[in-house]
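Source file: start29.txt; contents: compact mmCIF, C-alpha atoms.
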```txt
# COMPACT_ATOMS: atom_id res chain seq x y z
CA MET Y 51 8.89 -2.75 29.50
CA SER Y 52 6.83 -5.80 28.67
CA LYS Y 53 3.18 -5.68 27.72
CA ARG Y 54 2.34 -7.33 31.04
CA ASP Y 55 4.25 -4.65 32.98
CA LEU Y 56 2.51 -1.94 31.00
CA LYS Y 57 -0.92 -3.40 31.79
CA LYS Y 58 0.00 -3.62 35.47
CA TYR Y 59 1.14 0.03 35.46
CA LEU Y 60 -1.98 1.22 33.63
CA SER Y 61 -4.30 -0.67 35.99
CA LYS Y 62 -2.95 1.42 38.87
CA LEU Y 63 -3.89 4.71 37.18
CA ASN Y 64 -7.27 6.32 37.63
CA LYS Y 65 -9.39 7.49 34.69
CA GLU Y 66 -8.09 11.07 34.81
CA GLN Y 67 -4.45 9.94 34.83
CA LEU Y 68 -5.09 7.59 31.91
CA GLU Y 69 -6.74 10.37 29.91
CA GLU Y 70 -3.82 12.67 30.67
CA GLN Y 71 -1.30 10.07 29.47
CA ILE Y 72 -3.20 9.43 26.24
CA VAL Y 73 -3.44 13.16 25.51
CA ASP Y 74 0.31 13.50 26.16
CA LEU Y 75 1.03 10.64 23.75
CA TYR Y 76 -1.29 12.24 21.18
CA GLU Y 77 0.54 15.56 21.42
CA LYS Y 78 4.11 14.17 21.50
CA PHE Y 79 4.06 11.33 18.97
CA LEU Y 80 2.89 11.77 15.40
CA PRO Y 81 2.04 8.06 14.88
CA VAL Y 82 -0.30 8.19 17.91
CA LYS Y 83 -1.94 11.36 16.57
CA THR Y 84 -2.26 9.81 13.12
CA TYR Y 85 -3.83 6.68 14.59
CA TYR Y 86 -6.41 8.54 16.68
CA ASP Y 87 -7.19 10.95 13.86
CA PHE Y 88 -7.93 7.96 11.65
CA VAL Y 89 -9.90 6.06 14.30
CA PHE Y 90 -12.23 8.97 14.97
CA ASN Y 91 -12.46 10.22 11.40
CA PRO Y 92 -11.56 7.42 8.99
CA LYS Y 93 -11.47 9.16 5.65
CA GLU Y 94 -10.33 6.10 3.74
CA ASP Y 95 -11.35 7.59 0.40
CA ALA Y 96 -9.21 10.68 0.97
CA LEU Y 97 -6.25 8.56 2.13
CA LEU Y 98 -6.58 6.32 -0.92
CA LYS Y 99 -6.83 9.29 -3.28
CA GLU Y 100 -3.71 10.89 -1.79
CA ALA Y 101 -1.76 7.62 -1.97
CA LYS Y 102 -2.75 7.00 -5.59
CA LEU Y 103 -1.75 10.55 -6.51
CA LYS Y 104 1.70 10.13 -4.96
CA ILE Y 105 2.20 6.73 -6.58
CA SER Y 106 1.18 8.03 -10.01
CA ASN Y 107 3.58 10.93 -9.50
CA GLU Y 108 6.39 8.35 -9.40
CA TYR Y 109 5.65 7.55 -13.05
CA TYR Y 110 4.12 10.78 -14.28
CA PRO Y 111 5.74 13.58 -12.24
CA PHE Y 112 4.13 16.97 -12.04
CA LYS Y 113 5.95 19.66 -13.97
CA LYS Y 114 6.63 22.29 -11.31
CA SER Y 115 8.94 24.28 -13.54
CA GLY Y 116 9.10 24.69 -17.29
CA ARG Y 117 11.26 21.57 -17.52
CA GLY Y 118 9.92 18.05 -17.35
CA SER Y 119 10.83 15.87 -14.39
CA LYS Y 120 12.20 12.38 -14.85
CA PRO Y 121 10.04 9.55 -13.47
CA LYS Y 122 11.56 7.80 -10.46
CA MET Y 123 9.43 4.63 -10.58
CA ARG Y 124 10.12 3.77 -6.92
CA ARG Y 125 8.22 0.76 -5.60
CA SER Y 126 9.12 1.85 -2.08
CA ILE Y 127 6.64 4.76 -2.22
CA ALA Y 128 3.71 2.39 -2.74
CA GLN Y 129 5.07 -0.02 -0.13
CA LYS Y 130 5.23 2.80 2.41
CA PHE Y 131 1.56 3.65 1.86
CA ILE Y 132 0.49 0.01 1.94
CA LYS Y 133 2.31 -0.56 5.23
CA HIS Y 134 0.81 2.64 6.67
CA PHE Y 135 -2.70 1.52 5.65
CA VAL Y 136 -2.19 -1.90 7.25
CA VAL Y 137 -0.99 -0.31 10.52
CA LEU Y 138 -4.00 2.02 10.60
CA GLY Y 139 -6.37 -0.89 10.03
CA VAL Y 140 -7.75 0.41 6.73
CA ASP Y 141 -10.35 -1.81 5.05
CA PRO Y 142 -8.68 -4.70 3.16
CA PHE Y 143 -10.58 -3.76 -0.03
CA VAL Y 144 -8.92 -0.33 0.03
CA ILE Y 145 -5.48 -1.84 0.64
CA ALA Y 146 -5.94 -4.38 -2.16
CA ASP Y 147 -7.14 -1.61 -4.47
CA LEU Y 148 -3.96 0.36 -3.76
CA MET Y 149 -1.75 -2.69 -4.22
CA LEU Y 150 -3.22 -3.40 -7.65
CA TYR Y 151 -3.24 0.28 -8.62
CA ASN Y 152 0.51 0.40 -8.05
CA ILE Y 153 1.02 -2.37 -10.61
CA GLU Y 154 -1.54 -0.95 -13.04
CA ILE Y 155 0.07 2.51 -13.14
CA ALA Y 156 3.48 0.90 -13.64
CA GLN Y 157 2.04 -1.12 -16.53
CA THR Y 158 0.51 2.01 -18.05
CA TYR Y 159 3.90 3.67 -17.91
CA SER Y 160 5.76 0.65 -19.31
CA GLY Y 161 3.23 0.43 -22.14
CA GLU Y 162 4.17 3.95 -23.19
CA ASN Y 163 7.92 3.79 -22.45
CA THR Y 164 10.62 1.21 -22.99
CA ILE Y 165 12.03 -0.01 -19.70
CA LYS Y 166 15.25 -1.97 -19.93
CA GLN Y 167 15.95 -2.54 -16.24
CA GLU Y 168 15.11 -6.10 -15.24
CA LEU Y 169 14.76 -4.87 -11.67
CA PHE Y 170 11.61 -2.93 -12.62
CA TYR Y 171 9.87 -6.11 -13.81
CA LYS Y 172 11.05 -8.17 -10.85
CA SER Y 173 9.88 -5.44 -8.51
CA MET Y 174 6.43 -5.39 -10.13
CA PHE Y 175 6.29 -9.16 -9.87
CA ASN Y 176 7.09 -8.93 -6.14
CA SER Y 177 4.32 -6.35 -5.74
CA PHE Y 178 1.90 -8.59 -7.64
CA GLU Y 179 2.82 -11.61 -5.55
CA GLN Y 180 2.32 -9.66 -2.32
CA ALA Y 181 -1.01 -8.31 -3.56
CA ILE Y 182 -2.24 -11.80 -4.41
CA GLU Y 183 -1.16 -13.16 -1.02
CA PHE Y 184 -2.92 -10.26 0.74
CA ILE Y 185 -6.08 -10.66 -1.34
CA ILE Y 186 -6.22 -14.42 -0.72
CA SER Y 187 -5.53 -14.08 3.01
CA ASN Y 188 -8.44 -11.63 3.28
CA GLY Y 189 -10.75 -13.82 1.19
CA ILE Y 190 -11.50 -11.09 -1.35
CA HIS Y 191 -10.00 -12.60 -4.52
CA SER Y 192 -13.33 -12.96 -6.34
CA GLU Y 193 -13.91 -9.18 -6.03
CA PHE Y 194 -10.57 -8.45 -7.74
CA LYS Y 195 -10.70 -11.22 -10.36
CA THR Y 196 -11.04 -8.91 -13.36
CA ARG Y 197 -8.21 -6.61 -12.34
CA ILE Y 198 -5.89 -9.50 -11.52
CA ASN Y 199 -6.54 -11.14 -14.89
CA THR Y 200 -6.09 -7.81 -16.69
CA ILE Y 201 -2.71 -7.26 -15.03
CA CYS Y 202 -1.63 -10.75 -16.01
CA SER Y 203 -2.82 -10.28 -19.60
CA GLU Y 204 -1.04 -6.94 -19.83
CA THR Y 205 2.28 -8.57 -18.93
CA LYS Y 206 1.84 -10.83 -21.98
CA LEU Y 207 0.77 -7.97 -24.26
CA GLN Y 208 3.77 -5.90 -23.23
CA LYS Y 209 6.03 -8.96 -23.52
CA TRP Y 210 7.37 -8.78 -20.00
CA PHE Y 211 10.09 -11.42 -19.69
CA ILE Y 212 8.49 -12.72 -16.49
CA SER Y 213 4.89 -12.87 -17.73
CA SER Y 214 4.90 -16.64 -17.16
CA GLU Y 215 5.51 -16.00 -13.45
CA PHE Y 216 2.43 -13.77 -13.32
CA GLU Y 217 0.42 -16.52 -15.05
CA ARG Y 218 1.72 -19.11 -12.59
CA ILE Y 219 0.43 -17.09 -9.64
CA VAL Y 220 -2.96 -16.41 -11.24
CA SER Y 221 -3.36 -20.08 -12.11
CA ARG Y 222 -3.21 -20.90 -8.37
CA LEU Y 223 -6.31 -18.79 -7.74
CA GLU Y 224 -9.70 -20.40 -7.82
CA PHE Y 225 -12.12 -17.87 -9.27
```
What is this file in structure tokens?
Amino acid sequence: MSKRDLKKYLSKLNKEQLEEQIVDLYEKFLPVKTYYDFVFNPKEDALLKEAKLKISNEYYPFKKSGRGSKPKMRRSIAQKFIKHFVVLGVDPFVIADLMLYNIEIAQTYSGENTIKQELFYKSMFNSFEQAIEFIISNGIHSEFKTRINTICSETKLQKWFISSEFERIVSRLEF
């Protein structure tokens, strides 16, 4: 069904029928419920806190048993939250904060542990590049200047083999 057909169908329904359909969608489809729950009670701080906790758990897993868990360092976890926040329409400042936090926690981990996989560094570069593009497109780069520069400096301090790529991106910004 096209958007036009949907609008035509909905225009034929009375208010009560429309309400009934929306309630049915809310009850049957989790994304609809999640959307309306957010729209009517946007607890962005709680969502951000939960996302940061799960991202940090990728690098510093909770010890549920007596044994330590191995860090998974999956970029996909952060990407899932970022995409979810964008779909919900979360404030761009919150999304940018989460994007940069993902890189910062990875840098904290790599500062304490030797990481030999080139893919880790390339993945963090991709995350950084996406964060910069998002921040620029939302016109909020001056608010994140310090964090962006700190991330770039940290790549040099930790001797990341692609630190020059981070510098190249930061040099394009006009602070």
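Remark: for Lys102 (chain Y), the closest of the candidate residues Y:Glu154, Y:Glu179, Y:Glu215, Y:Glu204 is Y:Glu154 (distances computed over all atoms listed in the file).
As for CA of Gly139 (chain Y) and CA of Lys93 (chain Y), they are spaced 12.1 Å apart.
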(request) Using all atoms listed in the file, determine which residues lie at most 9 Å from Lys120 (chain Y), disregarding the query and same-chain residues fewer than 4 positions distant; provide the list as a list in words. (result) Glu108, Tyr109, Tyr110 and Pro111 of chain Y
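Considering the residues Y:Pro92, Y:Leu103, Y:Leu138, Y:Tyr86 and counting only C-alpha atoms, Val73 (chain Y) has its shortest atom-to-atom contact with Y:Tyr86.
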(request) Mind giving me the straight-line distance from CA of Ile185 (chain Y) to CA of Ala146 (chain Y) in Å, one decimal? (result) 6.3 Å
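Using all atoms listed in the file for every distance, the candidate list Y:Gln180, Y:Asn91, Y:Gln157, Y:Asn107 yields Y:Asn107 as the residue closest to Ser119 (chain Y).
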(message) Using Å and a single decimal, report how far CA of Val89 (chain Y) sits from CA of Leu63 (chain Y).
(response) 23.7 Å
(message) Considering only C-alpha atoms, can you say which of Y:Arg124, Y:Thr84, Y:Ser173, Y:Thr205 comes closest to Val137 (chain Y)?
(response) Y:Thr84
(message) Given only C-alpha atoms as the basis, pick out the residue of Y:Ile127, Y:Leu60, Y:Ile212, Y:Val82 nearest to Lys172 (chain Y).
(response) Y:Ile212
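Here the question is which of Y:Phe211, Y:Tyr76, Y:Glu217, Y:Asn188 gets nearest to Glu168 (chain Y) using all atoms listed in the file, and that residue is Y:Phe211.
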(request) Can you pull out every residue within 12 Å of Ser213 (chain Y), counting all atoms listed in the file, but drop anything in the same chain fewer than 3 positions away, and send it as a PyMOL selection string? (result) chain Y and resi 171-172+174-175+178+199+201-210+216-220
(message) Which residues are close to Asp147 (chain Y), i.e. within 10 Å by all atoms listed in the file, leaving aside same-chain residues fewer than 3 positions away? Reply as a ChimeraX atom specification.
(response) /Y:98,102,142-144,150-152,181,185,194,197
(request) Determine, counting all atoms listed in the file, which protein, DNA and RNA residues have an atom within 12 Å of an atom of Val136 (chain Y); residues of the same chain fewer than 3 positions away are not included. Present the result as an NGL selection string. (result) :Y and (85 or 94 or 129-133 or 139-146 or 148-149 or 184)
